[in-house]
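So this one's structure31.cif, mmCIF, C-alpha atoms and all ligand atoms:
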```cif
data_entry
loop_
_atom_site.group_PDB
_atom_site.id
_atom_site.type_symbol
_atom_site.label_atom_id
_atom_site.label_comp_id
_atom_site.auth_asym_id
_atom_site.auth_seq_id
_atom_site.Cartn_x
_atom_site.Cartn_y
_atom_site.Cartn_z
ATOM 1 C CA MET A 5 12.708 -160.013 -154.811
ATOM 2 C CA GLN A 6 14.388 -157.891 -157.484
ATOM 3 C CA GLU A 7 11.022 -156.392 -158.532
ATOM 4 C CA GLN A 8 10.059 -155.894 -154.908
ATOM 5 C CA ILE A 9 13.161 -153.817 -154.218
ATOM 6 C CA LYS A 10 12.517 -151.559 -157.207
ATOM 7 C CA LYS A 11 8.964 -150.846 -156.052
ATOM 8 C CA ILE A 12 9.817 -149.824 -152.515
ATOM 9 C CA ASN A 13 9.150 -146.119 -151.951
ATOM 10 C CA THR A 14 10.535 -145.300 -148.532
ATOM 11 C CA LEU A 15 13.955 -145.684 -146.985
ATOM 12 C CA GLU A 16 12.355 -147.282 -143.902
ATOM 13 C CA GLU A 17 10.727 -150.054 -145.931
ATOM 14 C CA LEU A 18 13.929 -150.610 -147.843
ATOM 15 C CA GLN A 19 15.870 -150.912 -144.594
ATOM 16 C CA ALA A 20 13.317 -153.440 -143.288
ATOM 17 C CA LEU A 21 13.567 -155.597 -146.381
ATOM 18 C CA TYR A 22 17.362 -155.399 -146.274
ATOM 19 C CA THR A 23 17.393 -156.646 -142.699
ATOM 20 C CA ALA A 24 14.951 -159.396 -143.588
ATOM 21 C CA THR A 25 17.319 -160.482 -146.375
ATOM 22 C CA PHE A 26 20.845 -159.952 -145.071
ATOM 23 C CA GLY A 27 20.324 -159.623 -141.299
ATOM 24 C CA LYS A 28 21.215 -162.304 -138.759
ATOM 25 C CA ASN A 29 17.999 -164.195 -139.471
ATOM 26 C CA GLY A 30 17.698 -163.004 -143.051
ATOM 27 C CA THR A 31 16.694 -165.192 -145.952
ATOM 28 C CA MET A 32 19.925 -164.705 -147.857
ATOM 29 C CA THR A 33 21.963 -165.182 -144.698
ATOM 30 C CA ALA A 34 20.245 -168.525 -144.199
ATOM 31 C CA ARG A 35 20.875 -169.611 -147.773
ATOM 32 C CA LEU A 36 24.538 -168.661 -147.559
ATOM 33 C CA LYS A 37 24.814 -170.818 -144.465
ATOM 34 C CA GLU A 38 23.336 -173.825 -146.262
ATOM 35 C CA MET A 39 25.685 -173.413 -149.200
ATOM 36 C CA LYS A 40 28.447 -175.657 -147.881
ATOM 37 C CA ASN A 41 26.313 -178.763 -148.555
ATOM 38 C CA MET A 42 25.570 -177.829 -152.139
ATOM 39 C CA ASP A 43 27.245 -178.526 -155.440
ATOM 40 C CA ASN A 44 29.265 -175.900 -157.296
ATOM 41 C CA ASP A 45 26.540 -174.750 -159.650
ATOM 42 C CA ALA A 46 24.036 -174.136 -156.884
ATOM 43 C CA ARG A 47 26.693 -172.259 -154.869
ATOM 44 C CA ALA A 48 27.554 -170.071 -157.831
ATOM 45 C CA ALA A 49 23.871 -169.258 -158.362
ATOM 46 C CA ILE A 50 23.436 -168.178 -154.743
ATOM 47 C CA ASN A 51 26.594 -166.092 -154.807
ATOM 48 C CA ARG A 52 25.471 -164.320 -157.980
ATOM 49 C CA GLU A 53 22.103 -163.604 -156.477
ATOM 50 C CA ASN A 54 23.715 -162.334 -153.290
ATOM 51 C CA VAL A 55 25.862 -159.854 -155.198
ATOM 52 C CA GLU A 56 23.011 -158.771 -157.460
ATOM 53 C CA LEU A 57 20.606 -158.145 -154.575
ATOM 54 C CA ARG A 58 23.129 -156.103 -152.621
ATOM 55 C CA GLU A 59 23.727 -153.997 -155.702
ATOM 56 C CA LEU A 60 19.973 -153.450 -156.216
ATOM 57 C CA PHE A 61 19.544 -152.355 -152.602
ATOM 58 C CA LYS A 62 22.363 -149.883 -153.003
ATOM 59 C CA ILE A 63 20.896 -148.389 -156.172
ATOM 60 C CA ARG A 64 17.395 -148.089 -154.704
ATOM 61 C CA GLN A 65 18.816 -146.514 -151.544
ATOM 62 C CA ALA A 66 20.627 -143.853 -153.572
ATOM 63 C CA GLU A 67 17.462 -143.151 -155.583
ATOM 64 C CA LEU A 68 15.315 -142.758 -152.481
ATOM 65 C CA GLU A 69 17.888 -140.557 -150.715
ATOM 66 C CA ASN A 70 18.115 -138.338 -153.732
ATOM 67 C CA ALA A 71 14.325 -138.042 -153.956
ATOM 68 C CA ALA A 72 14.147 -137.147 -150.250
ATOM 69 C CA MET A 73 16.764 -134.433 -150.712
ATOM 70 C CA MET A 74 14.955 -132.923 -153.703
ATOM 71 C CA ALA A 75 11.686 -132.911 -151.783
ATOM 72 C CA GLY A 76 13.432 -131.093 -148.919
ATOM 73 C CA LEU A 77 14.839 -128.459 -151.264
ATOM 74 C CA GLN A 78 11.430 -127.904 -152.825
ATOM 75 C CA LYS A 79 9.988 -127.198 -149.410
ATOM 76 C CA GLN A 80 12.764 -124.693 -148.583
ATOM 77 C CA LYS A 81 12.243 -122.624 -151.728
ATOM 78 C CA LEU A 82 12.418 -118.873 -150.987
ATOM 79 C CA ASP A 83 9.463 -116.734 -151.837
ATOM 80 C CA VAL A 84 11.233 -113.742 -153.352
ATOM 81 C CA SER A 85 7.954 -112.116 -154.307
ATOM 82 C CA LEU A 86 7.257 -111.081 -150.717
ATOM 83 C CA ASN A 87 5.868 -107.539 -150.389
ATOM 84 C CA LYS A 88 8.109 -105.344 -148.274
ATOM 85 C CA GLU A 89 8.498 -101.636 -147.607
ATOM 86 C CA PRO A 90 11.783 -100.365 -149.128
ATOM 87 C CA GLU A 91 14.663 -99.976 -146.664
ATOM 88 C CA ASN A 92 15.767 -96.478 -145.708
ATOM 89 C CA ALA A 93 18.873 -96.581 -147.880
ATOM 90 C CA GLY A 94 21.627 -94.001 -147.554
ATOM 91 C CA THR A 95 22.847 -91.786 -150.373
ATOM 92 C CA LEU A 96 26.031 -89.889 -151.093
ATOM 93 C CA HIS A 97 26.441 -86.585 -149.258
ATOM 94 C CA PRO A 98 26.308 -83.537 -151.576
ATOM 95 C CA ILE A 99 30.016 -82.972 -150.970
ATOM 96 C CA THR A 100 30.925 -86.511 -151.952
ATOM 97 C CA ARG A 101 28.548 -86.494 -154.864
ATOM 98 C CA SER A 102 29.995 -83.295 -156.289
ATOM 99 C CA LEU A 103 33.502 -84.700 -155.912
ATOM 100 C CA VAL A 104 32.621 -87.491 -158.288
ATOM 101 C CA ASP A 105 31.867 -84.844 -160.934
ATOM 102 C CA ILE A 106 34.699 -82.466 -160.049
ATOM 103 C CA ALA A 107 37.372 -85.145 -159.910
ATOM 104 C CA GLY A 108 36.036 -86.757 -163.074
ATOM 105 C CA ILE A 109 36.393 -83.501 -165.009
ATOM 106 C CA LEU A 110 39.805 -82.524 -163.626
ATOM 107 C CA GLU A 111 41.159 -86.033 -164.136
ATOM 108 C CA SER A 112 39.976 -85.941 -167.742
ATOM 109 C CA PHE A 113 42.162 -82.810 -168.117
ATOM 110 C CA GLY A 114 45.140 -84.756 -166.765
ATOM 111 C CA TYR A 115 45.099 -83.526 -163.151
ATOM 112 C CA GLU A 116 45.937 -86.103 -160.503
ATOM 113 C CA MET A 117 44.060 -86.130 -157.178
ATOM 114 C CA TRP A 118 46.013 -85.588 -153.930
ATOM 115 C CA THR A 119 45.079 -85.322 -150.278
ATOM 116 C CA GLY A 120 47.118 -84.171 -147.284
ATOM 117 C CA PRO A 121 46.986 -83.820 -143.499
ATOM 118 C CA GLU A 122 44.391 -81.523 -141.920
ATOM 119 C CA ILE A 123 46.805 -80.668 -139.123
ATOM 120 C CA GLU A 124 49.607 -78.881 -140.919
ATOM 121 C CA ASP A 125 52.948 -77.458 -139.922
ATOM 122 C CA ASP A 126 53.718 -73.801 -140.408
ATOM 123 C CA TRP A 127 55.974 -74.529 -143.389
ATOM 124 C CA HIS A 128 53.356 -76.167 -145.596
ATOM 125 C CA ASN A 129 50.427 -73.939 -144.633
ATOM 126 C CA PHE A 130 52.281 -70.600 -144.695
ATOM 127 C CA THR A 131 56.025 -70.256 -145.038
ATOM 128 C CA ALA A 132 56.549 -72.331 -148.178
ATOM 129 C CA LEU A 133 53.563 -70.516 -149.687
ATOM 130 C CA ASN A 134 55.586 -67.303 -149.569
ATOM 131 C CA THR A 135 53.905 -66.213 -146.357
ATOM 132 C CA PRO A 136 56.745 -66.106 -143.803
ATOM 133 C CA GLU A 137 56.246 -65.154 -140.166
ATOM 134 C CA TYR A 138 55.102 -61.531 -139.697
ATOM 135 C CA HIS A 139 53.884 -61.436 -143.312
ATOM 136 C CA PRO A 140 50.697 -59.363 -143.165
ATOM 137 C CA ALA A 141 48.873 -61.846 -145.409
ATOM 138 C CA ARG A 142 48.785 -64.323 -142.520
ATOM 139 C CA ASP A 143 45.942 -62.214 -141.210
ATOM 140 C CA MET A 144 43.892 -62.949 -144.327
ATOM 141 C CA GLN A 145 42.978 -66.229 -142.716
ATOM 142 C CA ASP A 146 41.867 -66.529 -139.119
ATOM 143 C CA THR A 147 43.905 -69.510 -138.139
ATOM 144 C CA PHE A 148 43.330 -72.117 -135.444
ATOM 145 C CA PHE A 149 46.733 -72.664 -133.812
ATOM 146 C CA LEU A 150 47.577 -75.813 -131.898
ATOM 147 C CA GLU A 151 49.734 -75.706 -128.781
ATOM 148 C CA ASN A 152 52.730 -77.271 -130.523
ATOM 149 C CA GLY A 153 52.784 -74.556 -133.180
ATOM 150 C CA ASN A 154 50.989 -76.576 -135.837
ATOM 151 C CA VAL A 155 47.785 -75.255 -137.364
ATOM 152 C CA MET A 156 44.488 -76.570 -138.612
ATOM 153 C CA ARG A 157 45.031 -76.332 -142.366
ATOM 154 C CA THR A 158 43.549 -73.022 -143.549
ATOM 155 C CA GLN A 159 43.843 -73.800 -147.251
ATOM 156 C CA THR A 160 44.398 -76.780 -149.506
ATOM 157 C CA SER A 161 47.386 -74.884 -150.969
ATOM 158 C CA ALA A 162 49.371 -76.812 -148.348
ATOM 159 C CA ILE A 163 48.747 -79.955 -150.387
ATOM 160 C CA GLN A 164 50.337 -78.294 -153.420
ATOM 161 C CA ILE A 165 53.544 -77.748 -151.485
ATOM 162 C CA ARG A 166 53.569 -81.394 -150.421
ATOM 163 C CA SER A 167 52.958 -82.593 -153.972
ATOM 164 C CA MET A 168 55.731 -80.415 -155.433
ATOM 165 C CA GLU A 169 58.179 -81.431 -152.699
ATOM 166 C CA LYS A 170 57.435 -85.064 -153.386
ATOM 167 C CA LYS A 171 57.158 -85.107 -157.161
ATOM 168 C CA GLY A 172 58.925 -81.991 -158.431
ATOM 169 C CA ALA A 173 58.152 -80.587 -161.887
ATOM 170 C CA PRO A 174 56.404 -81.028 -164.236
ATOM 171 C CA ILE A 175 53.289 -81.653 -162.186
ATOM 172 C CA LYS A 176 49.537 -81.426 -162.785
ATOM 173 C CA MET A 177 47.506 -82.139 -159.673
ATOM 174 C CA PHE A 178 44.562 -81.073 -157.574
ATOM 175 C CA GLY A 179 44.321 -81.213 -153.812
ATOM 176 C CA ILE A 180 41.024 -81.769 -152.023
ATOM 177 C CA GLY A 181 40.051 -81.557 -148.401
ATOM 178 C CA ALA A 182 38.624 -79.886 -145.334
ATOM 179 C CA THR A 183 40.011 -76.500 -144.281
ATOM 180 C CA TYR A 184 39.527 -74.597 -141.032
ATOM 181 C CA ARG A 185 39.166 -70.925 -140.173
ATOM 182 C CA LYS A 186 37.732 -68.997 -137.246
ATOM 183 C CA GLU A 187 34.552 -68.068 -139.038
ATOM 184 C CA MET A 188 31.116 -68.381 -137.596
ATOM 185 C CA ASP A 189 28.098 -66.548 -138.896
ATOM 186 C CA ALA A 190 24.674 -67.203 -140.335
ATOM 187 C CA THR A 191 26.001 -69.151 -143.274
ATOM 188 C CA HIS A 192 29.606 -70.075 -142.399
ATOM 189 C CA GLY A 193 31.038 -72.623 -140.013
ATOM 190 C CA PRO A 194 34.643 -73.131 -138.902
ATOM 191 C CA MET A 195 35.129 -75.990 -141.346
ATOM 192 C CA PHE A 196 34.653 -75.933 -145.089
ATOM 193 C CA HIS A 197 36.168 -77.695 -148.057
ATOM 194 C CA GLN A 198 38.500 -76.525 -150.788
ATOM 195 C CA ILE A 199 39.761 -77.911 -154.042
ATOM 196 C CA GLU A 200 42.850 -76.522 -155.596
ATOM 197 C CA GLY A 201 44.447 -77.156 -158.959
ATOM 198 C CA LEU A 202 48.120 -76.807 -159.834
ATOM 199 C CA TYR A 203 49.870 -77.127 -163.166
ATOM 200 C CA ILE A 204 53.622 -76.589 -163.464
ATOM 201 C CA ASP A 205 55.496 -77.180 -166.696
ATOM 202 C CA LYS A 206 57.801 -75.412 -169.131
ATOM 203 C CA ASN A 207 55.380 -73.242 -171.092
ATOM 204 C CA VAL A 208 52.294 -72.810 -168.942
ATOM 205 C CA THR A 209 50.572 -69.433 -169.165
ATOM 206 C CA MET A 210 47.653 -67.503 -167.710
ATOM 207 C CA ALA A 211 45.689 -68.383 -170.868
ATOM 208 C CA ASP A 212 45.997 -72.088 -169.988
ATOM 209 C CA LEU A 213 44.687 -71.294 -166.517
ATOM 210 C CA ILE A 214 41.622 -69.456 -167.753
ATOM 211 C CA GLY A 215 41.019 -72.068 -170.434
ATOM 212 C CA ASP A 216 41.024 -74.943 -167.944
ATOM 213 C CA VAL A 217 38.886 -73.098 -165.403
ATOM 214 C CA LYS A 218 36.359 -72.096 -168.042
ATOM 215 C CA GLU A 219 36.081 -75.606 -169.465
ATOM 216 C CA PHE A 220 35.835 -77.032 -165.966
ATOM 217 C CA LEU A 221 32.964 -74.729 -164.965
ATOM 218 C CA LYS A 222 31.130 -75.341 -168.231
ATOM 219 C CA ARG A 223 31.188 -79.061 -167.687
ATOM 220 C CA PHE A 224 30.461 -78.983 -163.970
ATOM 221 C CA PHE A 225 27.413 -76.704 -164.287
ATOM 222 C CA ASN A 226 26.447 -77.929 -167.721
ATOM 223 C CA ILE A 227 26.444 -74.404 -169.175
ATOM 224 C CA ASN A 228 27.462 -73.761 -172.762
ATOM 225 C CA ASP A 229 27.610 -69.968 -172.962
ATOM 226 C CA LEU A 230 29.517 -69.411 -169.743
ATOM 227 C CA GLU A 231 30.490 -65.806 -168.922
ATOM 228 C CA LEU A 232 33.561 -65.198 -166.761
ATOM 229 C CA ARG A 233 34.940 -62.037 -165.216
ATOM 230 C CA ILE A 234 38.610 -61.818 -164.261
ATOM 231 C CA ARG A 235 39.593 -59.330 -161.570
ATOM 232 C CA PRO A 236 43.061 -58.531 -160.230
ATOM 233 C CA SER A 237 43.617 -59.774 -156.710
ATOM 234 C CA TYR A 238 46.315 -60.601 -154.217
ATOM 235 C CA PHE A 239 47.594 -63.877 -152.800
ATOM 236 C CA PRO A 240 51.118 -64.216 -151.435
ATOM 237 C CA PHE A 241 51.744 -67.430 -153.368
ATOM 238 C CA THR A 242 50.666 -66.257 -156.824
ATOM 239 C CA GLU A 243 51.902 -63.373 -158.989
ATOM 240 C CA PRO A 244 49.972 -62.055 -160.746
ATOM 241 C CA SER A 245 46.891 -63.047 -158.793
ATOM 242 C CA ILE A 246 43.337 -62.973 -160.029
ATOM 243 C CA GLU A 247 39.837 -63.636 -158.857
ATOM 244 C CA ILE A 248 37.412 -65.403 -161.181
ATOM 245 C CA ASP A 249 33.700 -64.591 -161.149
ATOM 246 C CA MET A 250 30.945 -66.319 -163.050
ATOM 247 C CA LYS A 251 27.675 -64.889 -164.348
ATOM 248 C CA TRP A 252 24.964 -66.840 -162.577
ATOM 249 C CA GLN A 253 21.737 -67.556 -164.448
ATOM 250 C CA GLY A 254 22.220 -64.490 -166.631
ATOM 251 C CA LYS A 255 21.951 -62.174 -163.631
ATOM 252 C CA LYS A 256 24.437 -61.599 -160.848
ATOM 253 C CA TRP A 257 28.186 -62.155 -160.704
ATOM 254 C CA LEU A 258 29.367 -64.840 -158.297
ATOM 255 C CA GLU A 259 32.878 -64.839 -156.893
ATOM 256 C CA LEU A 260 34.042 -68.362 -157.508
ATOM 257 C CA MET A 261 37.759 -68.737 -157.124
ATOM 258 C CA GLY A 262 41.169 -67.296 -156.497
ATOM 259 C CA ALA A 263 43.961 -68.091 -158.908
ATOM 260 C CA GLY A 264 47.212 -66.907 -160.400
ATOM 261 C CA MET A 265 50.666 -67.782 -161.672
ATOM 262 C CA VAL A 266 52.644 -69.578 -158.971
ATOM 263 C CA HIS A 267 55.122 -67.197 -157.312
ATOM 264 C CA PRO A 268 58.785 -68.004 -158.082
ATOM 265 C CA ASN A 269 59.514 -68.104 -154.340
ATOM 266 C CA VAL A 270 57.005 -70.936 -153.926
ATOM 267 C CA LEU A 271 58.702 -72.940 -156.673
ATOM 268 C CA ARG A 272 62.126 -72.311 -155.111
ATOM 269 C CA ASN A 273 60.805 -73.445 -151.727
ATOM 270 C CA CYS A 274 59.907 -76.750 -153.374
ATOM 271 C CA ASN A 275 63.270 -77.081 -155.138
ATOM 272 C CA ILE A 276 61.834 -76.264 -158.548
ATOM 273 C CA ASN A 277 63.817 -73.843 -160.698
ATOM 274 C CA PRO A 278 61.566 -70.901 -161.680
ATOM 275 C CA GLU A 279 63.895 -70.098 -164.610
ATOM 276 C CA GLU A 280 62.943 -73.434 -166.091
ATOM 277 C CA TYR A 281 59.388 -74.010 -164.892
ATOM 278 C CA GLN A 282 56.325 -71.915 -164.288
ATOM 279 C CA GLY A 283 52.659 -72.585 -163.835
ATOM 280 C CA PHE A 284 49.364 -71.689 -162.299
ATOM 281 C CA ALA A 285 47.190 -72.516 -159.313
ATOM 282 C CA PHE A 286 43.499 -72.025 -158.701
ATOM 283 C CA GLY A 287 41.464 -72.685 -155.606
ATOM 284 C CA PHE A 288 37.774 -72.677 -154.850
ATOM 285 C CA GLY A 289 35.248 -73.518 -152.180
ATOM 286 C CA TRP A 290 34.141 -77.027 -152.935
ATOM 287 C CA ASP A 291 31.021 -76.666 -150.757
ATOM 288 C CA ARG A 292 30.020 -73.516 -152.564
ATOM 289 C CA LEU A 293 30.226 -75.210 -155.927
ATOM 290 C CA ALA A 294 28.150 -78.117 -154.669
ATOM 291 C CA MET A 295 25.577 -75.783 -153.106
ATOM 292 C CA LEU A 296 25.212 -73.805 -156.332
ATOM 293 C CA LYS A 297 24.806 -76.953 -158.367
ATOM 294 C CA TYR A 298 22.218 -78.552 -156.097
ATOM 295 C CA GLY A 299 20.456 -75.332 -155.057
ATOM 296 C CA LEU A 300 21.368 -75.542 -151.354
ATOM 297 C CA ASN A 301 21.773 -72.388 -149.315
ATOM 298 C CA ASP A 302 23.103 -72.963 -145.820
ATOM 299 C CA LEU A 303 26.677 -74.153 -145.527
ATOM 300 C CA ARG A 304 26.355 -75.095 -141.858
ATOM 301 C CA LYS A 305 23.369 -77.312 -142.514
ATOM 302 C CA MET A 306 25.475 -79.374 -144.880
ATOM 303 C CA PHE A 307 27.540 -80.647 -141.978
ATOM 304 C CA ASP A 308 24.962 -80.895 -139.206
ATOM 305 C CA GLY A 309 24.378 -84.488 -140.175
ATOM 306 C CA ASP A 310 20.621 -83.985 -140.031
ATOM 307 C CA VAL A 311 19.198 -86.666 -142.274
ATOM 308 C CA ARG A 312 15.860 -84.841 -142.540
ATOM 309 C CA TRP A 313 17.570 -81.800 -144.052
ATOM 310 C CA LEU A 314 19.556 -83.911 -146.473
ATOM 311 C CA LYS A 315 16.415 -85.787 -147.524
ATOM 312 C CA ASN A 316 14.555 -82.516 -147.983
ATOM 313 C CA ALA A 317 17.376 -81.256 -150.144
ATOM 314 C CA GLY A 318 16.890 -84.275 -152.341
ATOM 315 C CA PHE A 319 19.692 -86.476 -151.003
HETATM 316 N N1 LIG B 1 44.261 -70.599 -151.136
HETATM 317 C C1 LIG B 1 43.501 -69.434 -151.537
HETATM 318 C C2 LIG B 1 42.424 -69.196 -150.480
HETATM 319 O O1 LIG B 1 42.160 -70.044 -149.690
HETATM 320 C C3 LIG B 1 42.876 -69.636 -152.882
HETATM 321 C C4 LIG B 1 43.855 -69.698 -154.000
HETATM 322 C C5 LIG B 1 44.331 -70.906 -154.437
HETATM 323 C C6 LIG B 1 44.325 -68.548 -154.622
HETATM 324 C C7 LIG B 1 45.254 -70.977 -155.450
HETATM 325 C C8 LIG B 1 45.227 -68.607 -155.634
HETATM 326 C C9 LIG B 1 45.686 -69.825 -156.064
HETATM 327 O O2 LIG B 1 41.836 -68.137 -150.451
#
```
In structure tokens, what does this structure look like?
Ligand code: PHE
Amino acid sequence: MQEQIKKINTLEELQALYTATFGKNGTMTARLKEMKNMDNDARAAINRENVELRELFKIRQAELENAAMMAGLQKQKLDVSLNKEPENAGTLHPITRSLVDIAGILESFGYEMWTGPEIEDDWHNFTALNTPEYHPARDMQDTFFLENGNVMRTQTSAIQIRSMEKKGAPIKMFGIGATYRKEMDATHGPMFHQIEGLYIDKNVTMADLIGDVKEFLKRFFNINDLELRIRPSYFPFTEPSIEIDMKWQGKKWLELMGAGMVHPNVLRNCNINPEEYQGFAFGFGWDRLAMLKYGLNDLRKMFDGDVRWLKNAGF
């Protein structure tokens, strides 16, 4: 019987033999019944055999169950070599992709990234930036006004005010985000993006500003012999104010950004003492930088959400 059990190859056969041995009319059941008329030695022999057989059944059952499970798993094996057309996977939008570079460079200079609300109050978008009501410079930006007197943020400079109010000086940050102006022509839409750097500390000068901007542009565009042109300009929140142009591919000058030393009034509005601290700010069109880098030419197309255009542009 012991050998027989070991040779059984299916659970069904094993079950049948088990029933034939231990069931109501089983052989072992019968022998156990007869035991009471036997002497001690014979009883002990039957008991031993009973225990041994039950154990052998159990072992064989476990072996057969295990084999059945392995066979099942073999059958379920995945064929990972299946031929399939690649999925239409998404990619990062040019704006997002350029941010990875821009933020990486500015953060390596020690600037910290900030965001702020796109619906701004008058204080953060204008007044604190030394542009009080009736200041003529308010007309520099065609503003969308909301009924409650708030505005659609016209410049990321509003984020600078928020960062200085919150953190005070010294501070080294850049604000990123969408900005809104009533502009609509062949290449401009009412929404575009800006990035703006700010560095306030005890001995910050215009030379630091130009140094950081130059190094930033070199790294972003991967140009070693970068040529810059600095022109005087006007912004209410910087004094002196400048405009920074860059020589593009050895040919024409491109206007890239506005910048300047932060006006003492702006620092005072943020509870920073201009006798103790000074610094610079620079701001540029984030979209424009991305378009230059990737060779794109229509700002509006960037935000149409037309996948065919993005794919064509290499995204
Ligand atoms: N906020 C200005 C603009 O939108 C740009 C700027 C930023 C100028 C910081 C000077 C300093 O035109």
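Note that atom CA of A:Ile63 and atom CA of A:Thr14 are 13.2 Å apart.
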Protein and nucleic acid residues within 9 Å of ligand LIG 1 (chain B) (only C-alpha atoms and all ligand atoms) as an NGL selection string: :A and (144-145 or 158-162 or 183 or 198-202 or 238-242 or 245-247 or 261-266 or 284-289)
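Applied to the file shown here, the PyMOL selection byres (((chain A and resi 314) around 12) and not hetatm) selects the residues Gly94, Thr95, Leu96, His97, Pro98, Ile99, Tyr298, Leu300, Asp302, Lys305, Met306, Phe307, Asp308, Gly309, Asp310, Val311, Arg312, Trp313, Lys315, Asn316, Ala317, Gly318 and Phe319 of chain A.
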Pull out every residue that the PyMOL selection byres (((chain A and resi 102-107) around 10) and not hetatm) matches in the shown coordinates and put them as a PyMOL selection string. chain A and resi 96-101+108-113+115-117+178+180+199+220-221+223-225+290-291+293-295+297-298
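Going from atom CA of A:Lys206 to atom CA of A:Ala132 covers 21.2 Å.
Proximity to A:Met195 was assessed for A:Glu7, A:Glu67, A:Glu122, A:Asp45 counting only C-alpha atoms; the smallest distance is recorded for A:Glu122.
Taking atom CA of A:Val155 and atom CA of A:Glu137 as the two end points, the separation is 13.5 Å.
Using all atoms listed in the file for every distance, the candidate list A:Ala71, A:Ala182, A:Ile214, A:Ala173 yields A:Ala182 as the residue closest to A:Arg157.
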Take the PyMOL selection byres (((chain A and resi 233) around 7) and not hetatm), apply it to the structure above, and return the hits as a PyMOL selection string. chain A and resi 231-232+234-235+248-250
When you count only C-alpha atoms, which of these residues is closest to A:Leu303: A:Lys256, A:Lys171, A:Arg47, A:His192? A:His192
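Nearest to A:Asn70 of all the residues A:Asn41, A:Pro236, A:Leu15, A:Asn207 is A:Leu15, based on only C-alpha atoms.
Ranking A:Ile227, A:Leu86, A:Ala93, A:Leu296 by their shortest atom-to-atom distance to A:Gly254, with all atoms listed in the file included, puts A:Ile227 first.
Nearest residue to A:Lys170, choosing from A:Ile204, A:Cys274, A:Ala75, A:Thr191 and counting only C-alpha atoms: A:Cys274.
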Counting all atoms listed in the file, which residues sit no farther than 12 Å from the position (60.1, -65.5, -157.9) in the file's frame? I'd like them as a count of residues only. 24
So which residues touch stretch 26-39 of chain A within 10 Å, counting only C-alpha atoms, skipping near sequence neighbours fewer than 2 positions away, as a PDB file with C-alpha atoms, in the coordinates of the input?
```pdb
ATOM      1  CA  ALA A  20      13.317-153.440-143.288  1.00  0.00           C
ATOM      2  CA  LEU A  21      13.567-155.597-146.381  1.00  0.00           C
ATOM      3  CA  TYR A  22      17.362-155.399-146.274  1.00  0.00           C
ATOM      4  CA  THR A  23      17.393-156.646-142.699  1.00  0.00           C
ATOM      5  CA  ALA A  24      14.951-159.396-143.588  1.00  0.00           C
ATOM      6  CA  ASN A  41      26.313-178.763-148.555  1.00  0.00           C
ATOM      7  CA  MET A  42      25.570-177.829-152.139  1.00  0.00           C
ATOM      8  CA  ASP A  43      27.245-178.526-155.440  1.00  0.00           C
ATOM      9  CA  ASN A  44      29.265-175.900-157.296  1.00  0.00           C
ATOM     10  CA  ALA A  46      24.036-174.136-156.884  1.00  0.00           C
ATOM     11  CA  ARG A  47      26.693-172.259-154.869  1.00  0.00           C
ATOM     12  CA  ALA A  48      27.554-170.071-157.831  1.00  0.00           C
ATOM     13  CA  ILE A  50      23.436-168.178-154.743  1.00  0.00           C
ATOM     14  CA  ASN A  51      26.594-166.092-154.807  1.00  0.00           C
ATOM     15  CA  GLU A  53      22.103-163.604-156.477  1.00  0.00           C
ATOM     16  CA  ASN A  54      23.715-162.334-153.290  1.00  0.00           C
ATOM     17  CA  LEU A  57      20.606-158.145-154.575  1.00  0.00           C
ATOM     18  CA  ARG A  58      23.129-156.103-152.621  1.00  0.00           C
TER      19      ARG A  58
END
```
Would you mind writing stretch 201-210 of chain A with N, CA and C atoms, as a short mmCIF file (atom, residue, chain, number, x, y, z; two decimals), in the frame of the given file?
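Dumped to result_23.cif:
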```cif
data_model
loop_
_atom_site.label_atom_id
_atom_site.label_comp_id
_atom_site.auth_asym_id
_atom_site.auth_seq_id
_atom_site.Cartn_x
_atom_site.Cartn_y
_atom_site.Cartn_z
N GLY A 201 43.71 -76.57 -157.84
CA GLY A 201 44.45 -77.16 -158.96
C GLY A 201 45.83 -76.53 -159.09
N LEU A 202 46.76 -77.31 -159.62
CA LEU A 202 48.12 -76.81 -159.83
C LEU A 202 48.68 -77.44 -161.10
N TYR A 203 49.26 -76.59 -161.94
CA TYR A 203 49.87 -77.13 -163.17
C TYR A 203 51.21 -76.42 -163.39
N ILE A 204 52.28 -77.15 -163.27
CA ILE A 204 53.62 -76.59 -163.46
C ILE A 204 54.30 -77.33 -164.61
N ASP A 205 54.75 -76.56 -165.59
CA ASP A 205 55.50 -77.18 -166.70
C ASP A 205 56.33 -76.09 -167.36
N LYS A 206 56.85 -76.37 -168.56
CA LYS A 206 57.80 -75.41 -169.13
C LYS A 206 57.15 -74.20 -169.80
N ASN A 207 55.98 -74.38 -170.37
CA ASN A 207 55.38 -73.24 -171.09
C ASN A 207 53.93 -72.98 -170.69
N VAL A 208 53.67 -73.00 -169.40
CA VAL A 208 52.29 -72.81 -168.94
C VAL A 208 52.02 -71.32 -168.75
N THR A 209 50.89 -70.86 -169.25
CA THR A 209 50.57 -69.43 -169.16
C THR A 209 49.22 -69.20 -168.50
N MET A 210 48.94 -67.92 -168.28
CA MET A 210 47.65 -67.50 -167.71
C MET A 210 46.50 -67.93 -168.62
#
```
